[in-house]
file start-v3.pdb (PDB, C-alpha atoms and all ligand atoms)
ATOM      1  CA  MET A1480      20.290  23.770  10.085
ATOM      2  CA  ASP A1481      22.783  21.998   7.824
ATOM      3  CA  LEU A1482      20.958  18.877   6.644
ATOM      4  CA  GLY A1483      24.227  17.152   5.765
ATOM      5  CA  LEU A1484      23.136  16.554   2.180
ATOM      6  CA  LYS A1485      26.304  17.863   0.524
ATOM      7  CA  GLY A1486      27.262  15.632  -2.424
ATOM      8  CA  LYS A1487      24.372  13.204  -1.852
ATOM      9  CA  ILE A1488      22.924  11.779  -5.062
ATOM     10  CA  ILE A1489      19.149  11.914  -4.761
ATOM     11  CA  ILE A1490      16.820  10.728  -7.538
ATOM     12  CA  VAL A1491      13.643  12.776  -7.931
ATOM     13  CA  THR A1492      11.106  11.285 -10.354
ATOM     14  CA  GLY A1493       9.165  13.960 -12.244
ATOM     15  CA  GLY A1494      11.665  16.497 -10.941
ATOM     16  CA  SER A1495      11.354  19.111 -13.691
ATOM     17  CA  LYS A1496       7.824  20.351 -12.901
ATOM     18  CA  GLY A1497       5.531  21.081  -9.981
ATOM     19  CA  ILE A1498       6.351  19.520  -6.618
ATOM     20  CA  GLY A1499       9.339  17.637  -8.083
ATOM     21  CA  SER A1500      10.915  20.880  -9.300
ATOM     22  CA  GLY A1501      10.519  22.349  -5.797
ATOM     23  CA  ILE A1502      12.276  19.306  -4.339
ATOM     24  CA  VAL A1503      15.134  19.631  -6.848
ATOM     25  CA  SER A1504      15.498  23.304  -5.938
ATOM     26  CA  VAL A1505      15.668  22.745  -2.170
ATOM     27  CA  LEU A1506      18.033  19.758  -2.519
ATOM     28  CA  SER A1507      20.361  21.879  -4.700
ATOM     29  CA  GLU A1508      20.359  24.695  -2.158
ATOM     30  CA  GLU A1509      21.360  22.102   0.457
ATOM     31  CA  GLY A1510      24.360  21.048  -1.644
ATOM     32  CA  ALA A1511      22.923  17.704  -2.774
ATOM     33  CA  ILE A1512      23.047  16.549  -6.386
ATOM     34  CA  PRO A1513      19.435  15.893  -7.353
ATOM     35  CA  VAL A1514      18.927  13.673 -10.390
ATOM     36  CA  ILE A1515      15.731  14.203 -12.361
ATOM     37  CA  VAL A1516      14.127  11.126 -13.882
ATOM     38  CA  GLY A1517      11.233  11.836 -16.228
ATOM     39  CA  ARG A1518       9.941  11.857 -19.798
ATOM     40  CA  ASP A1519       9.669  15.561 -20.406
ATOM     41  CA  LYS A1520      12.992  15.928 -22.303
ATOM     42  CA  ASP A1521      12.922  19.655 -23.129
ATOM     43  CA  THR A1522      11.852  20.750 -19.653
ATOM     44  CA  ILE A1523      14.371  18.424 -18.015
ATOM     45  CA  LEU A1524      17.282  19.721 -20.134
ATOM     46  CA  SER A1525      16.335  23.366 -19.645
ATOM     47  CA  THR A1526      16.032  22.780 -15.875
ATOM     48  CA  VAL A1527      19.461  21.109 -15.732
ATOM     49  CA  ASN A1528      21.016  23.955 -17.776
ATOM     50  CA  LYS A1529      19.384  26.601 -15.586
ATOM     51  CA  TYR A1530      21.086  25.048 -12.540
ATOM     52  CA  ARG A1531      24.404  24.598 -14.360
ATOM     53  CA  GLU A1532      24.477  28.319 -15.190
ATOM     54  CA  ARG A1533      24.312  28.971 -11.445
ATOM     55  CA  ASN A1534      27.078  26.372 -10.812
ATOM     56  CA  TYR A1535      24.737  23.825  -9.251
ATOM     57  CA  GLN A1536      25.042  20.211 -10.333
ATOM     58  CA  VAL A1537      21.776  18.524 -11.311
ATOM     59  CA  GLY A1538      21.766  15.149 -13.066
ATOM     60  CA  TYR A1539      19.124  13.606 -15.277
ATOM     61  CA  ALA A1540      17.954  10.451 -16.994
ATOM     62  CA  PHE A1541      15.037  10.218 -19.395
ATOM     63  CA  ALA A1542      12.375   7.605 -18.729
ATOM     64  CA  GLU A1543       8.704   7.027 -19.299
ATOM     65  CA  LEU A1544       8.272   5.534 -15.851
ATOM     66  CA  THR A1545       5.412   3.222 -16.829
ATOM     67  CA  ASP A1546       7.994   1.284 -18.875
ATOM     68  CA  PRO A1547      10.129  -0.843 -16.502
ATOM     69  CA  LYS A1548      12.918  -1.188 -19.105
ATOM     70  CA  GLN A1549      13.242   2.606 -19.293
ATOM     71  CA  CYS A1550      13.404   2.717 -15.468
ATOM     72  CA  GLU A1551      16.242   0.166 -15.604
ATOM     73  CA  ARG A1552      18.156   2.186 -18.207
ATOM     74  CA  ALA A1553      17.674   5.381 -16.202
ATOM     75  CA  VAL A1554      19.052   3.922 -12.987
ATOM     76  CA  LYS A1555      22.003   2.385 -14.866
ATOM     77  CA  LYS A1556      22.816   5.780 -16.409
ATOM     78  CA  ILE A1557      22.710   7.422 -12.981
ATOM     79  CA  ILE A1558      25.082   4.838 -11.497
ATOM     80  CA  ASP A1559      27.390   5.274 -14.529
ATOM     81  CA  ASP A1560      27.291   9.072 -14.122
ATOM     82  CA  PHE A1561      27.635   9.350 -10.346
ATOM     83  CA  GLU A1562      28.841   5.908  -9.083
ATOM     84  CA  LYS A1563      26.348   5.876  -6.219
ATOM     85  CA  ILE A1564      22.776   6.691  -5.197
ATOM     86  CA  ASP A1565      21.956   7.964  -1.698
ATOM     87  CA  GLY A1566      18.235   8.577  -1.899
ATOM     88  CA  LEU A1567      15.060   8.207  -3.923
ATOM     89  CA  VAL A1568      12.076  10.547  -4.018
ATOM     90  CA  ASN A1569       9.179   8.799  -5.761
ATOM     91  CA  ASN A1570       7.110  11.763  -6.916
ATOM     92  CA  ALA A1571       5.848  11.416 -10.513
ATOM     93  CA  GLY A1572       2.159  10.665 -10.907
ATOM     94  CA  VAL A1573      -1.125  11.961 -12.218
ATOM     95  CA  ASN A1574      -4.659  12.204 -10.870
ATOM     96  CA  ASP A1575      -6.190  10.793 -14.033
ATOM     97  CA  GLY A1576      -9.879  10.562 -13.117
ATOM     98  CA  VAL A1577     -10.607   6.894 -13.797
ATOM     99  CA  GLY A1578     -13.867   6.491 -11.888
ATOM    100  CA  LEU A1579     -15.902   3.454 -10.878
ATOM    101  CA  GLU A1580     -19.100   4.192 -12.761
ATOM    102  CA  LYS A1581     -17.543   5.684 -15.878
ATOM    103  CA  GLY A1582     -14.042   4.187 -15.943
ATOM    104  CA  THR A1583     -12.870   0.983 -17.618
ATOM    105  CA  TYR A1584     -10.874  -1.930 -16.238
ATOM    106  CA  GLU A1585      -8.050  -1.180 -18.701
ATOM    107  CA  ASP A1586      -7.895   2.491 -17.681
ATOM    108  CA  PHE A1587      -7.903   1.446 -14.024
ATOM    109  CA  LEU A1588      -4.852  -0.793 -14.601
ATOM    110  CA  ASN A1589      -3.147   2.002 -16.573
ATOM    111  CA  SER A1590      -3.705   4.345 -13.652
ATOM    112  CA  ILE A1591      -2.062   1.849 -11.298
ATOM    113  CA  ASN A1592       0.888   1.762 -13.712
ATOM    114  CA  LYS A1593       1.103   5.551 -13.852
ATOM    115  CA  ASN A1594       0.818   6.057 -10.124
ATOM    116  CA  ILE A1595       2.289   3.194  -8.107
ATOM    117  CA  ALA A1596       3.962   0.443 -10.186
ATOM    118  CA  HIS A1597       7.001   2.660 -10.920
ATOM    119  CA  TYR A1598       7.308   3.602  -7.221
ATOM    120  CA  TYR A1599       7.944  -0.135  -6.654
ATOM    121  CA  LYS A1600      10.180  -0.568  -9.712
ATOM    122  CA  MET A1601      12.370   2.441  -8.896
ATOM    123  CA  ALA A1602      12.722   1.425  -5.234
ATOM    124  CA  GLN A1603      13.745  -2.091  -6.268
ATOM    125  CA  LEU A1604      16.299  -0.779  -8.777
ATOM    126  CA  VAL A1605      18.002   1.619  -6.336
ATOM    127  CA  LEU A1606      17.940  -0.765  -3.368
ATOM    128  CA  PRO A1607      21.444  -2.242  -3.885
ATOM    129  CA  GLU A1608      22.860   1.317  -3.854
ATOM    130  CA  LEU A1609      20.807   2.411  -0.836
ATOM    131  CA  LYS A1610      21.996  -0.688   1.050
ATOM    132  CA  LYS A1611      25.622   0.429   0.567
ATOM    133  CA  ASN A1612      24.920   3.959   1.806
ATOM    134  CA  LYS A1613      22.125   3.520   4.383
ATOM    135  CA  GLY A1614      20.099   5.686   2.043
ATOM    136  CA  ALA A1615      16.514   6.862   2.377
ATOM    137  CA  ILE A1616      13.284   6.852   0.379
ATOM    138  CA  VAL A1617      10.521   9.447   0.410
ATOM    139  CA  ASN A1618       7.240   8.633  -1.334
ATOM    140  CA  ILE A1619       5.039  11.575  -2.267
ATOM    141  CA  GLY A1620       1.418  10.740  -1.520
ATOM    142  CA  SER A1621      -2.009  12.325  -1.640
ATOM    143  CA  LYS A1622      -4.812  13.040   0.795
ATOM    144  CA  VAL A1623      -7.049  11.186  -1.684
ATOM    145  CA  SER A1624      -5.652   8.000  -0.097
ATOM    146  CA  VAL A1625      -7.571   8.725   3.104
ATOM    147  CA  THR A1626     -10.389  11.094   2.081
ATOM    148  CA  GLY A1627     -11.352   9.780  -1.367
ATOM    149  CA  GLN A1628     -12.264  12.240  -4.097
ATOM    150  CA  GLY A1629     -14.890  10.532  -6.225
ATOM    151  CA  GLY A1630     -14.399   9.606  -9.874
ATOM    152  CA  THR A1631     -10.745   8.638  -9.485
ATOM    153  CA  SER A1632     -10.580   4.968  -8.407
ATOM    154  CA  GLY A1633      -7.233   4.236 -10.053
ATOM    155  CA  TYR A1634      -5.414   7.186  -8.505
ATOM    156  CA  ALA A1635      -7.060   6.595  -5.103
ATOM    157  CA  ALA A1636      -6.035   2.926  -5.114
ATOM    158  CA  ALA A1637      -2.489   3.856  -6.129
ATOM    159  CA  CYS A1638      -2.231   6.535  -3.432
ATOM    160  CA  GLY A1639      -3.459   4.057  -0.818
ATOM    161  CA  GLY A1640      -0.677   1.808  -2.101
ATOM    162  CA  ARG A1641       1.891   4.603  -1.693
ATOM    163  CA  ASN A1642       0.950   4.827   1.998
ATOM    164  CA  THR A1643       1.008   1.104   2.658
ATOM    165  CA  LEU A1644       4.241   0.566   0.730
ATOM    166  CA  THR A1645       5.839   3.286   2.843
ATOM    167  CA  ARG A1646       5.020   1.230   5.965
ATOM    168  CA  GLU A1647       5.835  -2.098   4.293
ATOM    169  CA  TRP A1648       9.242  -0.986   2.978
ATOM    170  CA  ALA A1649      10.102   0.703   6.281
ATOM    171  CA  VAL A1650       9.682  -2.720   7.919
ATOM    172  CA  GLU A1651      11.460  -4.728   5.194
ATOM    173  CA  LEU A1652      14.427  -2.354   5.030
ATOM    174  CA  ILE A1653      15.044  -2.004   8.782
ATOM    175  CA  PRO A1654      17.932  -4.542   8.624
ATOM    176  CA  TYR A1655      19.780  -2.178   6.249
ATOM    177  CA  SER A1656      18.986   0.995   8.258
ATOM    178  CA  ILE A1657      17.195   2.371   5.203
ATOM    179  CA  ARG A1658      14.402   4.761   6.219
ATOM    180  CA  VAL A1659      11.189   5.125   4.236
ATOM    181  CA  ASN A1660       8.691   7.931   4.788
ATOM    182  CA  SER A1661       5.895   9.628   2.927
ATOM    183  CA  VAL A1662       4.960  13.274   2.472
ATOM    184  CA  ILE A1663       1.231  13.600   1.908
ATOM    185  CA  VAL A1664       0.030  16.520  -0.199
ATOM    186  CA  ALA A1665      -3.477  17.964  -0.280
ATOM    187  CA  GLU A1666      -3.699  21.221  -2.224
ATOM    188  CA  CYS A1667      -0.558  22.501  -3.964
ATOM    189  CA  TYR A1668      -0.742  24.680  -7.085
ATOM    190  CA  THR A1669       1.279  22.905  -9.811
ATOM    191  CA  PRO A1670       0.830  22.380 -13.584
ATOM    192  CA  LEU A1671      -1.131  19.193 -12.727
ATOM    193  CA  TYR A1672      -3.329  21.056 -10.262
ATOM    194  CA  LYS A1673      -3.926  23.892 -12.766
ATOM    195  CA  LYS A1674      -5.133  21.351 -15.335
ATOM    196  CA  TRP A1675      -7.501  19.808 -12.765
ATOM    197  CA  ILE A1676      -8.942  23.106 -11.547
ATOM    198  CA  GLU A1677      -9.508  24.208 -15.149
ATOM    199  CA  SER A1678     -11.771  21.188 -15.640
ATOM    200  CA  PHE A1679     -14.430  22.955 -13.517
ATOM    201  CA  GLU A1680     -16.986  25.302 -15.044
ATOM    202  CA  ASP A1681     -15.768  28.218 -12.922
ATOM    203  CA  PRO A1682     -12.132  27.458 -11.981
ATOM    204  CA  LYS A1683     -11.648  30.727 -10.052
ATOM    205  CA  GLU A1684     -14.675  30.174  -7.883
ATOM    206  CA  LYS A1685     -13.685  26.528  -7.278
ATOM    207  CA  LEU A1686     -10.171  27.601  -6.260
ATOM    208  CA  VAL A1687     -11.537  30.149  -3.772
ATOM    209  CA  SER A1688     -13.945  27.584  -2.315
ATOM    210  CA  ILE A1689     -11.059  25.132  -1.787
ATOM    211  CA  THR A1690      -8.565  27.602  -0.316
ATOM    212  CA  ASN A1691     -11.249  28.899   2.072
ATOM    213  CA  LYS A1692     -11.390  25.381   3.550
ATOM    214  CA  ILE A1693      -7.627  25.152   4.227
ATOM    215  CA  PRO A1694      -7.399  25.874   7.984
ATOM    216  CA  LEU A1695      -3.864  27.326   8.159
ATOM    217  CA  ASP A1696      -3.838  30.790   6.537
ATOM    218  CA  LYS A1697      -6.552  29.844   4.009
ATOM    219  CA  ARG A1698      -4.027  29.255   1.246
ATOM    220  CA  MET A1699      -2.532  26.439  -0.778
ATOM    221  CA  THR A1700       0.623  24.658   0.323
ATOM    222  CA  THR A1701       3.634  25.867  -1.685
ATOM    223  CA  ILE A1702       5.989  23.499  -3.514
ATOM    224  CA  GLU A1703       8.801  24.828  -1.259
ATOM    225  CA  GLU A1704       6.883  23.792   1.868
ATOM    226  CA  ILE A1705       6.499  20.259   0.532
ATOM    227  CA  ALA A1706      10.137  20.229  -0.598
ATOM    228  CA  ASN A1707      11.516  21.394   2.772
ATOM    229  CA  THR A1708       9.864  18.444   4.509
ATOM    230  CA  VAL A1709      11.092  16.029   1.827
ATOM    231  CA  ALA A1710      14.661  17.332   2.198
ATOM    232  CA  PHE A1711      14.496  16.872   5.976
ATOM    233  CA  LEU A1712      13.124  13.318   5.675
ATOM    234  CA  ILE A1713      15.709  12.266   3.081
ATOM    235  CA  SER A1714      18.510  13.697   5.251
ATOM    236  CA  GLU A1715      20.301  12.188   8.227
ATOM    237  CA  LYS A1716      18.701  14.848  10.430
ATOM    238  CA  SER A1717      15.605  12.636  10.494
ATOM    239  CA  SER A1718      17.737   9.608  11.381
ATOM    240  CA  HIS A1719      15.183   7.960  13.694
ATOM    241  CA  THR A1720      12.055   8.612  11.614
ATOM    242  CA  THR A1721      10.773   5.780   9.451
ATOM    243  CA  GLY A1722       7.450   4.430   8.201
ATOM    244  CA  GLN A1723       5.761   7.805   8.758
ATOM    245  CA  LEU A1724       3.128   9.585   6.689
ATOM    246  CA  ILE A1725       3.703  13.326   7.163
ATOM    247  CA  TYR A1726       0.820  15.566   6.072
ATOM    248  CA  VAL A1727       2.099  18.910   4.781
ATOM    249  CA  ASP A1728      -1.336  20.381   4.118
ATOM    250  CA  GLY A1729      -2.105  23.319   6.431
ATOM    251  CA  GLY A1730      -4.372  21.017   8.457
ATOM    252  CA  TYR A1731      -6.645  20.334   5.463
ATOM    253  CA  THR A1732      -7.002  16.583   5.950
ATOM    254  CA  HIS A1733      -7.332  16.234   9.723
ATOM    255  CA  LEU A1734      -8.401  19.445  11.462
ATOM    256  CA  ASP A1735     -12.077  20.055  12.172
ATOM    257  CA  ARG A1736     -13.021  22.465   9.414
ATOM    258  CA  ALA A1737     -16.293  23.361  11.133
ATOM    259  CA  ILE A1738     -14.179  25.405  13.567
ATOM    260  CA  PHE A1739     -12.411  27.525  10.956
TER     261      PHE A1739
HETATM  262  N1  LIG B1801      -0.493  19.142  -6.814
HETATM  263  C1  LIG B1801      -1.199  18.664  -5.809
HETATM  264  O1  LIG B1801      -2.000  19.382  -5.183
HETATM  265  C2  LIG B1801      -1.017  17.235  -5.377
HETATM  266  C3  LIG B1801      -1.882  16.749  -4.377
HETATM  267  C4  LIG B1801      -1.702  15.455  -3.922
HETATM  268  C5  LIG B1801      -0.689  14.651  -4.442
HETATM  269  N2  LIG B1801       0.123  15.137  -5.434
HETATM  270  C6  LIG B1801       1.139  14.233  -5.953
HETATM  271  O2  LIG B1801       2.342  14.918  -6.178
HETATM  272  C7  LIG B1801       3.060  14.313  -7.263
HETATM  273  C8  LIG B1801       3.530  15.417  -8.215
HETATM  274  O3  LIG B1801       2.405  16.125  -8.663
HETATM  275  P1  LIG B1801       2.491  17.552  -9.366
HETATM  276  O4  LIG B1801       1.211  18.237  -9.023
HETATM  277  O5  LIG B1801       3.784  18.191  -9.089
HETATM  278  O6  LIG B1801       2.421  17.066 -10.905
HETATM  279  P2  LIG B1801       2.954  17.784 -12.261
HETATM  280  O7  LIG B1801       2.177  17.174 -13.382
HETATM  281  O8  LIG B1801       2.892  19.258 -12.100
HETATM  282  O9  LIG B1801       4.466  17.283 -12.363
HETATM  283  C9  LIG B1801       4.712  15.899 -12.456
HETATM  284  C10 LIG B1801       5.956  15.623 -13.269
HETATM  285  O10 LIG B1801       6.131  14.193 -13.324
HETATM  286  C11 LIG B1801       6.287  13.782 -14.671
HETATM  287  N3  LIG B1801       5.674  12.459 -14.842
HETATM  288  C12 LIG B1801       4.425  12.093 -14.453
HETATM  289  N4  LIG B1801       4.202  10.819 -14.807
HETATM  290  C13 LIG B1801       5.330  10.372 -15.434
HETATM  291  C14 LIG B1801       5.690   9.143 -16.048
HETATM  292  N5  LIG B1801       4.856   8.109 -16.109
HETATM  293  N6  LIG B1801       6.919   9.027 -16.579
HETATM  294  C15 LIG B1801       7.773  10.060 -16.547
HETATM  295  N7  LIG B1801       7.504  11.261 -16.002
HETATM  296  C16 LIG B1801       6.265  11.420 -15.444
HETATM  297  C17 LIG B1801       5.559  14.835 -15.493
HETATM  298  O11 LIG B1801       6.036  14.854 -16.843
HETATM  299  C18 LIG B1801       5.881  16.107 -14.715
HETATM  300  O12 LIG B1801       7.153  16.601 -15.099
HETATM  301  C19 LIG B1801       2.096  13.318  -7.923
HETATM  302  O13 LIG B1801       2.473  12.006  -7.590
HETATM  303  C20 LIG B1801       0.745  13.630  -7.305
HETATM  304  O14 LIG B1801       0.003  12.460  -7.075
HETATM  305  C21 LIG B1801      -0.031  16.413  -5.913
END
call {"tool": "encode", "arguments": {"input": "start-v3.pdb", "output": "structure tokens"}}
result
Amino acid sequence: MDLGLKGKIIIVTGGSKGIGSGIVSVLSEEGAIPVIVGRDKDTILSTVNKYRERNYQVGYAFAELTDPKQCERAVKKIIDDFEKIDGLVNNAGVNDGVGLEKGTYEDFLNSINKNIAHYYKMAQLVLPELKKNKGAIVNIGSKVSVTGQGGTSGYAAACGGRNTLTREWAVELIPYSIRVNSVIVAECYTPLYKKWIESFEDPKEKLVSITNKIPLDKRMTTIEEIANTVAFLISEKSSHTTGQLIYVDGGYTHLDRAIF
């Protein structure tokens, strides 16, 4: 299926690693011009060069997304470079383990900044461009928003916010025909996930115990599987889908695991 993404300028926050890098890869294959926004300068530049060598166009702008001024500069650079923006994938975030019993109020607020405030800021900054192009937004979310995890209040609150903002923006942006959807991730092996699993005493055993509970094929979701759904939702092929939370998780969140 041709998703009709040729030449579309799509911002992907945190697009040089993990799930974001998978999204950039699939968007490139579809002929879009993904634009990475993130802080990881070396990885971003090497990613962009890797694509250039293969004659794919990938843009970039550096920003520590918790700083609204850097978000503003990044979006301005992208408009200067490409003269339009057709889509936004809010993806960057971190499960930073700020719990209720052991966390602090300051760390909780920092977690909100790391995980949801820039979703809002970036959406607000690109809105004038999306209005011109009937663009689309995809927010990457987490199963933690509906299952909880324990010991991660800030991230859980932010992920709940990602879900509700998806619905809220879908309603607010209806007059402009801008669609807003969310792809919810459960277990996907990325640099962030690797760091988390290594925090357990026996990471290998923990990984096996998790994958054994994933109903479909007893394996983790790949970054490509997440990215394929994101590409579909950001494209015109999903032209009548808005305000939806799509779980790409092998049935992990909702299927009755007692059966499998
Ligand atoms: N990996 C999983 O299993 C999983 C599960 C549920 C949800 N998610 C969500 O998926 C998204 C991506 O996760 P991932 O596992 O690919 O992470 P990752 O750490 O592997 O990659 C994230 C990228 O975003 C960048 N980034 C993060 N915060 C940033 C900031 N404040 N400013 C600039 N750049 C920033 C990082 O530098 C990195 O390049 C996150 O929002 C996370 O909540 C992941």
call {"tool": "closest_residue", "arguments": {"input": "start-v3.pdb", "among": "A:Ile1489, A:Leu1671, A:Leu1652, A:Val1605", "to": "ligand LIG 1801 (chain B)", "atoms": "all atoms listed in the file"}}
result
A:Leu1671
call {"tool": "atom_distance", "arguments": {"input": "start-v3.pdb", "atom1": "atom CA of Ser1661 of chain A", "atom2": "atom CA of Met1480 of chain A"}}
result
21.4 Å
call {"tool": "closest_residue", "arguments": {"input": "start-v3.pdb", "among": "A:Leu1482, A:Ile1725, A:Ile1498, A:Ile1713", "to": "ligand LIG 1801 (chain B)", "atoms": "all atoms listed in the file"}}
result
A:Ile1498
call {"tool": "closest_residue", "arguments": {"input": "start-v3.pdb", "among": "A:Ile1693, A:Ile1705, A:Val1554, A:Ile1657", "to": "Thr1732 of chain A", "atoms": "all atoms listed in the file"}}
result
A:Ile1693
call {"tool": "residues_around", "arguments": {"input": "start-v3.pdb", "residues": "Ser1718 of chain A", "least_positions_apart": "6", "cutoff": "10 Å", "atoms": "all atoms listed in the file", "output": "list of chain:residue names"}}
result
A:Ala1615, A:Ser1656, A:Ile1657, A:Arg1658, A:Phe1711, A:Leu1712
call {"tool": "closest_residue", "arguments": {"input": "start-v3.pdb", "among": "A:Ser1504, A:Ala1553, A:Pro1654, A:Thr1522", "to": "Lys1600 of chain A", "atoms": "only C-alpha atoms"}}
result
A:Ala1553
call {"tool": "atom_distance", "arguments": {"input": "start-v3.pdb", "atom1": "atom C8 of ligand LIG 1801 (chain B)", "atom2": "atom CA of Asn1570 of chain A"}}
result
5.3 Å
call {"tool": "atom_distance", "arguments": {"input": "start-v3.pdb", "atom1": "atom CA of Thr1669 of chain A", "atom2": "atom CA of Phe1561 of chain A"}}
result
29.6 Å
call {"tool": "residues_near_ligand", "arguments": {"input": "start-v3.pdb", "ligand": "ligand LIG 1801 (chain B)", "cutoff": "7 Å", "atoms": "all atoms listed in the file", "output": "PyMOL selection string"}}
result
chain A and resi 1492-1499+1516-1519+1542-1545+1570-1574+1593-1594+1619-1622+1663-1672
call {"tool": "residues_around", "arguments": {"input": "start-v3.pdb", "residues": "Glu1562 of chain A", "least_positions_apart": "5", "cutoff": "10 Å", "atoms": "only C-alpha atoms", "output": "JSON, numbers by chain"}}
result
{"A": [1488, 1555, 1556, 1557, 1608]}
call {"tool": "axis_aligned_box", "arguments": {"input": "start-v3.pdb", "around": "segment 1658-1673 of chain A", "padding_each_side": "5 Å", "output": "JSON"}}
result
{"center_x": 5.2, "center_y": 14.7, "center_z": -3.7, "size_x": 28.3, "size_y": 29.9, "size_z": 29.8}
call {"tool": "resolve_selection", "arguments": {"input": "start-v3.pdb", "expression": "the PyMOL selection byres (((chain A and resi 1636) around 10) and not hetatm)", "output": "ChimeraX atom specification"}}
result
/A:1587,1590-1591,1594-1595,1623-1624,1627,1631-1635,1637-1641
call {"tool": "resolve_selection", "arguments": {"input": "start-v3.pdb", "expression": "the PyMOL selection byres (((chain A and resi 1538) around 8) and not hetatm)", "output": "PyMOL selection string"}}
result
chain A and resi 1512-1515+1527+1536-1537+1539-1540+1557
call {"tool": "closest_residue", "arguments": {"input": "start-v3.pdb", "among": "A:Leu1484, A:Val1650, A:Ile1616, A:Leu1695", "to": "Ser1714 of chain A", "atoms": "only C-alpha atoms"}}
result
A:Leu1484
call {"tool": "closest_residue", "arguments": {"input": "start-v3.pdb", "among": "A:Ala1710, A:Asn1618, A:Gln1723, A:Lys1613", "to": "Ile1653 of chain A", "atoms": "only C-alpha atoms"}}
result
A:Lys1613
call {"tool": "residues_around", "arguments": {"input": "start-v3.pdb", "residues": "Lys1611 of chain A", "least_positions_apart": "3", "cutoff": "9 Å", "atoms": "all atoms listed in the file", "output": "PyMOL selection string"}}
result
chain A and resi 1563-1565+1606-1608+1614+1655
call {"tool": "residues_around", "arguments": {"input": "start-v3.pdb", "residues": "Gly1630 of chain A", "least_positions_apart": "2", "cutoff": "7 Å", "atoms": "all atoms listed in the file", "output": "ChimeraX atom specification"}}
result
/A:1576-1579,1628,1632
call {"tool": "resolve_selection", "arguments": {"input": "start-v3.pdb", "expression": "the PyMOL selection byres (((chain A and resi 1646) around 10) and not hetatm)", "output": "VMD selection string"}}
result
chain A and resid 1640 to 1645 1647 to 1651 1659 to 1661 1721 to 1724
call {"tool": "write_last_selection", "arguments": {"input": "start-v3.pdb", "atoms": "C-alpha atoms", "output": "short mmCIF file (atom, residue, chain, number, x, y, z; two decimals), in the coordinates of the input"}}
result
data_model
loop_
_atom_site.label_atom_id
_atom_site.label_comp_id
_atom_site.auth_asym_id
_atom_site.auth_seq_id
_atom_site.Cartn_x
_atom_site.Cartn_y
_atom_site.Cartn_z
CA GLY A 1640 -0.68 1.81 -2.10
CA ARG A 1641 1.89 4.60 -1.69
CA ASN A 1642 0.95 4.83 2.00
CA THR A 1643 1.01 1.10 2.66
CA LEU A 1644 4.24 0.57 0.73
CA THR A 1645 5.84 3.29 2.84
CA GLU A 1647 5.84 -2.10 4.29
CA TRP A 1648 9.24 -0.99 2.98
CA ALA A 1649 10.10 0.70 6.28
CA VAL A 1650 9.68 -2.72 7.92
CA GLU A 1651 11.46 -4.73 5.19
CA VAL A 1659 11.19 5.12 4.24
CA ASN A 1660 8.69 7.93 4.79
CA SER A 1661 5.90 9.63 2.93
CA THR A 1721 10.77 5.78 9.45
CA GLY A 1722 7.45 4.43 8.20
CA GLN A 1723 5.76 7.80 8.76
CA LEU A 1724 3.13 9.59 6.69
#
call {"tool": "residues_around", "arguments": {"input": "start-v3.pdb", "residues": "Thr1690 of chain A", "least_positions_apart": "2", "cutoff": "12 Å", "atoms": "only C-alpha atoms", "output": "JSON, numbers by chain"}}
result
{"A": [1665, 1666, 1667, 1668, 1683, 1684, 1685, 1686, 1687, 1688, 1692, 1693, 1694, 1695, 1696, 1697, 1698, 1699, 1700, 1728, 1729, 1730, 1731, 1736, 1739]}
